file start.txt (compact mmCIF, C-alpha atoms and all ligand atoms)
# COMPACT_ATOMS: atom_id res chain seq x y z
CA MET A 194 -48.09 -35.39 -43.54
CA LEU A 195 -50.56 -32.73 -42.46
CA LEU A 196 -49.15 -29.45 -41.29
CA PRO A 197 -50.30 -28.33 -37.85
CA LEU A 198 -52.99 -25.67 -37.97
CA LEU A 199 -51.61 -23.63 -35.12
CA VAL A 200 -48.49 -21.56 -35.55
CA PRO A 201 -46.64 -21.00 -32.31
CA LEU A 202 -45.68 -17.46 -31.25
CA ALA A 203 -42.06 -17.92 -32.29
CA LEU A 204 -42.02 -18.31 -36.06
CA ALA A 205 -39.12 -19.64 -38.06
CA SER A 206 -38.28 -16.46 -39.96
CA PRO A 207 -35.75 -14.30 -38.11
CA THR A 208 -36.70 -11.21 -40.08
CA TRP A 209 -40.39 -11.31 -40.98
CA PRO A 210 -43.51 -13.37 -40.30
CA ASP A 211 -44.41 -15.86 -42.99
CA ALA A 212 -47.10 -14.10 -45.02
CA ASP A 213 -48.85 -17.45 -45.54
CA ALA A 214 -48.77 -18.48 -41.91
CA THR A 215 -52.10 -18.80 -40.19
CA LEU A 216 -51.60 -16.90 -36.99
CA THR A 217 -54.35 -17.64 -34.57
CA THR A 218 -55.39 -16.19 -31.27
CA THR A 219 -55.61 -19.72 -29.84
CA ALA A 220 -51.81 -19.47 -29.72
CA LEU A 221 -52.10 -16.84 -26.97
CA ALA A 222 -50.85 -17.70 -23.51
CA VAL A 223 -53.47 -16.38 -21.09
CA PRO A 224 -53.55 -16.72 -17.28
CA GLU A 225 -56.71 -18.45 -16.10
CA ASP A 226 -57.95 -15.47 -14.11
CA PHE A 227 -57.19 -12.88 -16.80
CA GLY A 228 -60.83 -12.01 -17.48
CA VAL A 229 -61.78 -9.31 -19.98
CA ARG A 230 -59.61 -6.19 -19.83
CA ARG A 231 -60.08 -2.66 -21.16
CA VAL A 232 -57.65 -1.33 -23.74
CA ALA A 233 -57.74 2.05 -25.51
CA LEU A 234 -56.33 2.23 -29.03
CA ASP A 235 -55.36 5.62 -30.40
CA PRO A 236 -55.01 5.64 -34.19
CA GLY A 237 -52.48 8.48 -34.27
CA HIS A 238 -53.14 11.87 -35.91
CA GLY A 239 -56.55 12.52 -37.45
CA ASN A 240 -57.14 15.83 -35.75
CA THR A 241 -56.94 19.43 -36.89
CA GLY A 242 -53.89 20.15 -39.03
CA ASN A 243 -52.32 16.86 -37.97
CA SER A 244 -52.45 14.26 -40.72
CA GLY A 245 -48.99 12.86 -39.93
CA LEU A 246 -46.38 11.85 -42.44
CA GLU A 247 -46.80 11.02 -46.11
CA SER A 248 -45.85 7.39 -46.81
CA ALA A 249 -43.81 5.76 -49.58
CA ASP A 250 -46.96 5.77 -51.75
CA CYS A 251 -48.22 9.18 -50.57
CA THR A 252 -50.79 7.81 -48.12
CA ASN A 253 -51.39 10.11 -45.16
CA GLU A 254 -50.35 8.53 -41.87
CA GLU A 255 -53.75 9.34 -40.37
CA ASP A 256 -55.39 7.10 -42.98
CA PHE A 257 -52.95 4.26 -42.33
CA THR A 258 -53.47 4.44 -38.56
CA ARG A 259 -57.24 4.65 -39.05
CA ALA A 260 -57.25 1.37 -41.00
CA LEU A 261 -54.73 -0.28 -38.69
CA GLY A 262 -56.67 0.76 -35.59
CA THR A 263 -59.78 -0.95 -36.94
CA HIS A 264 -57.76 -4.07 -37.78
CA PHE A 265 -56.20 -4.19 -34.29
CA ARG A 266 -59.52 -3.45 -32.55
CA ASP A 267 -61.24 -6.32 -34.36
CA ALA A 268 -58.32 -8.66 -33.67
CA LEU A 269 -58.23 -7.82 -29.95
CA LEU A 270 -61.99 -8.22 -29.65
CA ALA A 271 -61.82 -11.57 -31.47
CA THR A 272 -59.56 -12.96 -28.74
CA GLY A 273 -62.41 -12.60 -26.25
CA HIS A 274 -59.94 -11.19 -23.71
CA PHE A 275 -60.42 -7.46 -24.29
CA GLU A 276 -62.87 -4.64 -24.52
CA VAL A 277 -61.51 -1.97 -26.83
CA MET A 278 -62.12 1.77 -26.98
CA ASP A 279 -61.11 3.28 -30.30
CA LEU A 280 -60.16 6.85 -29.41
CA ARG A 281 -60.84 8.17 -32.91
CA ASP A 282 -64.37 6.76 -32.80
CA GLU A 283 -65.13 8.78 -29.69
CA ASP A 284 -64.90 12.09 -31.50
CA ALA A 285 -63.44 11.95 -34.99
CA GLY A 286 -61.34 15.11 -34.61
CA ALA A 287 -60.56 14.97 -30.89
CA GLU A 288 -57.30 16.44 -29.68
CA TYR A 289 -54.94 14.15 -27.79
CA ARG A 290 -55.87 15.56 -24.39
CA ALA A 291 -59.52 14.68 -24.99
CA ARG A 292 -58.57 11.18 -26.15
CA ILE A 293 -56.56 10.53 -22.99
CA ASP A 294 -59.39 11.86 -20.83
CA ALA A 295 -61.90 9.61 -22.64
CA ALA A 296 -59.67 6.58 -22.11
CA ALA A 297 -59.23 7.38 -18.41
CA ALA A 298 -62.95 8.03 -17.86
CA TRP A 299 -63.76 4.67 -19.43
CA GLY A 300 -61.28 2.91 -17.16
CA ALA A 301 -58.77 1.87 -19.81
CA GLU A 302 -56.04 -0.29 -18.28
CA ALA A 303 -53.62 0.42 -21.14
CA LEU A 304 -53.37 2.95 -23.97
CA VAL A 305 -51.58 2.21 -27.23
CA SER A 306 -51.02 4.97 -29.80
CA LEU A 307 -50.52 3.68 -33.33
CA HIS A 308 -48.17 5.43 -35.73
CA ALA A 309 -45.73 4.91 -38.58
CA ASP A 310 -42.28 6.50 -38.59
CA SER A 311 -40.29 8.52 -41.13
CA ARG A 312 -36.51 8.23 -40.81
CA GLY A 313 -33.48 9.81 -42.41
CA ALA A 314 -33.85 11.79 -45.62
CA GLY A 315 -36.67 10.89 -47.99
CA THR A 316 -36.09 11.10 -51.72
CA GLN A 317 -39.09 12.20 -53.79
CA THR A 318 -39.84 9.20 -56.01
CA GLU A 319 -42.46 8.89 -58.74
CA VAL A 320 -45.04 6.22 -57.85
CA GLU A 321 -47.39 5.13 -60.62
CA GLY A 322 -50.83 6.58 -60.12
CA ARG A 323 -49.84 8.25 -56.86
CA GLY A 324 -47.45 11.07 -57.76
CA SER A 325 -44.14 12.02 -56.20
CA CYS A 326 -43.75 10.35 -52.79
CA PRO A 327 -40.95 10.35 -50.16
CA GLN A 328 -38.95 7.13 -50.03
CA ASN A 329 -35.89 5.91 -48.14
CA ALA A 330 -35.12 2.20 -48.37
CA ALA A 331 -33.12 2.18 -45.12
CA GLU A 332 -33.66 1.96 -41.36
CA PRO A 333 -36.61 -0.46 -41.32
CA GLY A 334 -38.34 -1.88 -38.28
CA PHE A 335 -40.79 -1.14 -35.49
CA SER A 336 -40.04 0.94 -32.42
CA VAL A 337 -41.91 1.29 -29.15
CA LEU A 338 -41.64 4.58 -27.24
CA PHE A 339 -42.37 5.27 -23.58
CA SER A 340 -41.84 8.08 -21.09
CA ASP A 341 -39.79 7.65 -17.91
CA GLU A 342 -41.23 10.89 -16.50
CA GLY A 343 -43.23 10.41 -13.30
CA THR A 344 -43.21 8.15 -10.28
CA GLU A 345 -41.86 4.61 -10.58
CA GLY A 346 -45.41 3.39 -9.95
CA VAL A 347 -46.46 5.03 -13.22
CA VAL A 348 -43.24 4.47 -15.17
CA ALA A 349 -42.66 0.78 -14.39
CA PRO A 350 -45.89 -0.45 -16.04
CA ARG A 351 -45.20 1.78 -19.07
CA ARG A 352 -41.73 0.34 -19.41
CA ALA A 353 -43.07 -3.18 -18.99
CA LEU A 354 -45.65 -2.64 -21.72
CA ALA A 355 -43.07 -1.14 -24.10
CA ARG A 356 -40.68 -4.05 -23.54
CA ALA A 357 -43.45 -6.64 -23.87
CA VAL A 358 -44.70 -5.21 -27.18
CA ALA A 359 -41.17 -5.13 -28.58
CA ALA A 360 -40.35 -8.64 -27.35
CA ARG A 361 -43.53 -10.11 -28.80
CA MET A 362 -43.03 -8.31 -32.13
CA SER A 363 -39.46 -9.61 -32.33
CA GLY A 364 -40.69 -13.05 -31.32
CA LEU A 365 -42.97 -13.12 -34.35
CA GLY A 366 -40.13 -12.19 -36.66
CA LEU A 367 -40.94 -8.50 -37.15
CA PRO A 368 -37.74 -6.43 -37.37
CA ALA A 369 -36.82 -4.01 -34.57
CA TYR A 370 -35.44 -0.56 -35.48
CA ASP A 371 -31.95 0.16 -34.11
CA GLY A 372 -32.62 3.87 -33.54
CA ALA A 373 -29.79 5.08 -35.81
CA ASP A 374 -31.71 8.22 -36.80
CA TYR A 375 -33.32 9.11 -33.46
CA GLY A 376 -30.41 11.19 -32.16
CA ASP A 377 -31.32 13.11 -29.01
CA ALA A 378 -35.07 12.62 -29.51
CA TYR A 379 -35.03 9.26 -27.72
CA ASP A 380 -32.68 7.24 -25.54
CA ALA A 381 -32.27 3.56 -26.29
CA ASP A 382 -33.68 1.20 -23.69
CA THR A 383 -31.92 -2.06 -22.83
CA SER A 384 -34.52 -3.93 -24.93
CA ALA A 385 -34.23 -4.04 -28.73
CA GLY A 386 -36.73 -1.74 -30.42
CA VAL A 387 -37.62 0.16 -27.20
CA PHE A 388 -36.83 3.87 -26.78
CA ILE A 389 -37.27 6.41 -24.00
CA ASP A 390 -38.90 9.72 -24.86
CA ARG A 391 -36.68 12.83 -24.61
CA ARG A 392 -39.07 15.12 -26.51
CA GLY A 393 -41.65 15.38 -23.73
CA LEU A 394 -44.37 13.89 -25.91
CA PHE A 395 -47.79 14.58 -24.45
CA MET A 396 -49.24 11.17 -25.33
CA LEU A 397 -46.40 9.50 -23.43
CA ARG A 398 -46.10 11.79 -20.39
CA ARG A 399 -49.73 12.48 -19.67
CA PRO A 400 -51.58 9.13 -19.38
CA THR A 401 -51.54 7.49 -15.96
CA MET A 402 -52.47 4.03 -17.25
CA PRO A 403 -49.62 2.14 -18.98
CA SER A 404 -49.18 3.79 -22.36
CA VAL A 405 -46.84 3.55 -25.31
CA ILE A 406 -46.45 4.92 -28.80
CA PHE A 407 -46.12 2.02 -31.22
CA GLU A 408 -44.22 3.14 -34.34
CA THR A 409 -45.20 0.12 -36.37
CA HIS A 410 -42.64 0.52 -39.18
CA HIS A 411 -40.71 2.91 -41.40
CA ALA A 412 -43.36 4.22 -43.78
CA TRP A 413 -40.84 5.76 -46.23
CA HIS A 414 -39.28 2.32 -46.75
CA PRO A 415 -41.12 1.09 -49.85
CA GLU A 416 -40.82 -2.63 -49.08
CA GLU A 417 -41.71 -2.29 -45.43
CA TRP A 418 -44.63 -0.04 -46.28
CA ALA A 419 -45.87 -2.64 -48.77
CA ARG A 420 -45.53 -5.38 -46.14
CA TRP A 421 -47.71 -3.40 -43.77
CA GLN A 422 -50.49 -3.25 -46.36
CA GLU A 423 -50.78 -7.06 -46.07
CA ALA A 424 -53.34 -8.53 -43.70
CA GLY A 425 -50.77 -11.14 -42.59
CA THR A 426 -48.44 -8.47 -41.23
CA ARG A 427 -51.25 -6.67 -39.44
CA ASP A 428 -52.54 -9.97 -38.00
CA ALA A 429 -49.08 -10.86 -36.72
CA ALA A 430 -48.63 -7.44 -35.12
CA ALA A 431 -52.11 -7.58 -33.58
CA LEU A 432 -51.27 -10.98 -32.09
CA ALA A 433 -48.00 -9.61 -30.73
CA LEU A 434 -49.86 -6.67 -29.19
CA ALA A 435 -52.51 -8.95 -27.67
CA GLN A 436 -49.89 -11.19 -26.08
CA ALA A 437 -47.94 -8.18 -24.79
CA LEU A 438 -51.07 -6.74 -23.17
CA ILE A 439 -51.78 -10.14 -21.59
CA ASP A 440 -48.17 -10.34 -20.38
CA VAL A 441 -48.44 -6.98 -18.61
CA LEU A 442 -52.07 -6.86 -17.48
CA GLY A 443 -52.00 -10.51 -16.42
CA ALA A 444 -48.80 -10.20 -14.39
CA PRO A 445 -49.27 -10.94 -10.69
ZN ZN B 1 -47.27 9.64 -36.30
call {"tool": "encode", "arguments": {"input": "start.txt", "output": "C-alpha cells", "more": "lines below"}}
Ligand SMILES: [Zn+2]
result
Amino acid sequence: MLLPLLVPLALASPTWPDADATLTTTALAVPEDFGVRRVALDPGHGNTGNSGLESADCTNEEDFTRALGTHFRDALLATGHFEVMDLRDEDAGAEYRARIDAAAAWGAEALVSLHADSRGAGTQTEVEGRGSCPQNAAEPGFSVLFSDEGTEGVVAPRRALARAVAARMSGLGLPAYDGADYGDAYDADTSAGVFIDRRGLFMLRRPTMPSVIFETHHAWHPEEWARWQEAGTRDAAALALAQALIDVLGAP
C-alpha cells in the first residue's frame, strides 16, 4: 500500500514531529479570500553587544536566529500566501526600535521575533571541537510571549497570535514549555506554552501590529538543540507559524 504524500497538521507523535515526515504547505487551511499578507520576521539579537545566549554547542543565539529566520522566510514565501520582511536584512545591525519602525512603515500585519531560550542553571560541558559550552538537559519546549500592555484593540490580536502559534506548534507534536523557570518574568496564559510579559520587553510592548516573541526551544538542552539543527524540525515549526498567521490574519 502506498503511503499518502500529504501529512495532516496533527501528526501522530505526541512529543515531536516525525523527522522523516514530509510536511507540506498544501496541508495549510487557508480562507479563500486570504490573499497575500505582509509578515515581518525579526531574527533576534544581531545588534551591537547583543549576540544572545550561547547554546549547548557554543553557537551564538544571533547566528541560530539568523539561519532560522532565513529558513522561515523561505518557507513562508513558498506558501504563496505571504510577503516577508526580514528585519535583519534591512540594516544588519539595526536596534530593535529601528526594526519595529521598518516593519510598521512597510505595513507589516504581524511581527514575529525569533529566539532560543536558556533555562535553569547551565553546566559547562566539554563539546568535541567546540570547547566548554553551557548545557542543562531539563525544561525543554517552545514558549510564545506576548504583552498585555495597551488597549484591548492592540492586545487581543497579540494574544490571538500567541495562542495560535502555540496551538499549531503543539498540534504538530512540538513540546510546549511549562514555564517552571520563568518565575516573575512572565505570567502563564491559559494556553499551554503561552506566557504574558512582566519584564516590559520593548519588542512586545512597542509594536502596534500583532507581535510575539517566539522562544523556539531550550538551547542549553543538548537533545533539543540538536533537534533544532534538523531541517525537519524547522520545516514543521515554519508550517505551524504559517498556519497560525493564517488563523489570525484570516479571521473574520
Ligand atoms: Zn534571545
call {"tool": "closest_residue", "arguments": {"input": "start.txt", "among": "A:Tyr379, A:Trp209, A:Phe227, A:Tyr289", "to": "Gly443 of chain A", "atoms": "only C-alpha atoms"}}
result
A:Phe227
call {"tool": "residues_around", "arguments": {"input": "start.txt", "residues": "His264 of chain A", "least_positions_apart": "6", "cutoff": "8 Å", "atoms": "all atoms listed in the file", "output": "PDB file with C-alpha atoms, keeping the file's coordinate frame"}}
result
ATOM      1  CA  ARG A 427     -51.250  -6.670 -39.440  1.00  0.00           C
ATOM      2  CA  ASP A 428     -52.540  -9.970 -38.000  1.00  0.00           C
ATOM      3  CA  ALA A 431     -52.110  -7.580 -33.580  1.00  0.00           C
TER       4      ALA A 431
END
call {"tool": "atom_distance", "arguments": {"input": "start.txt", "atom1": "atom CA of Gly346 of chain A", "atom2": "atom CA of Ala444 of chain A"}}
result
14.7 Å
call {"tool": "residues_near_ligand", "arguments": {"input": "start.txt", "ligand": "ligand ZN 1 (chain B)", "cutoff": "7 Å", "atoms": "only C-alpha atoms and all ligand atoms", "output": "list in words"}}
result
Gly237, His238, Gly245, Leu246, Glu254, His308, Ala309 and Asp310 of chain A
call {"tool": "closest_residue", "arguments": {"input": "start.txt", "among": "A:Ala330, A:Leu354, A:Leu280, A:Leu221", "to": "Gln436 of chain A", "atoms": "all atoms listed in the file"}}
result
A:Leu221
call {"tool": "closest_residue", "arguments": {"input": "start.txt", "among": "A:Ala349, A:Ala360, A:Ala271, A:Ala331", "to": "Ser311 of chain A", "atoms": "all atoms listed in the file"}}
result
A:Ala331
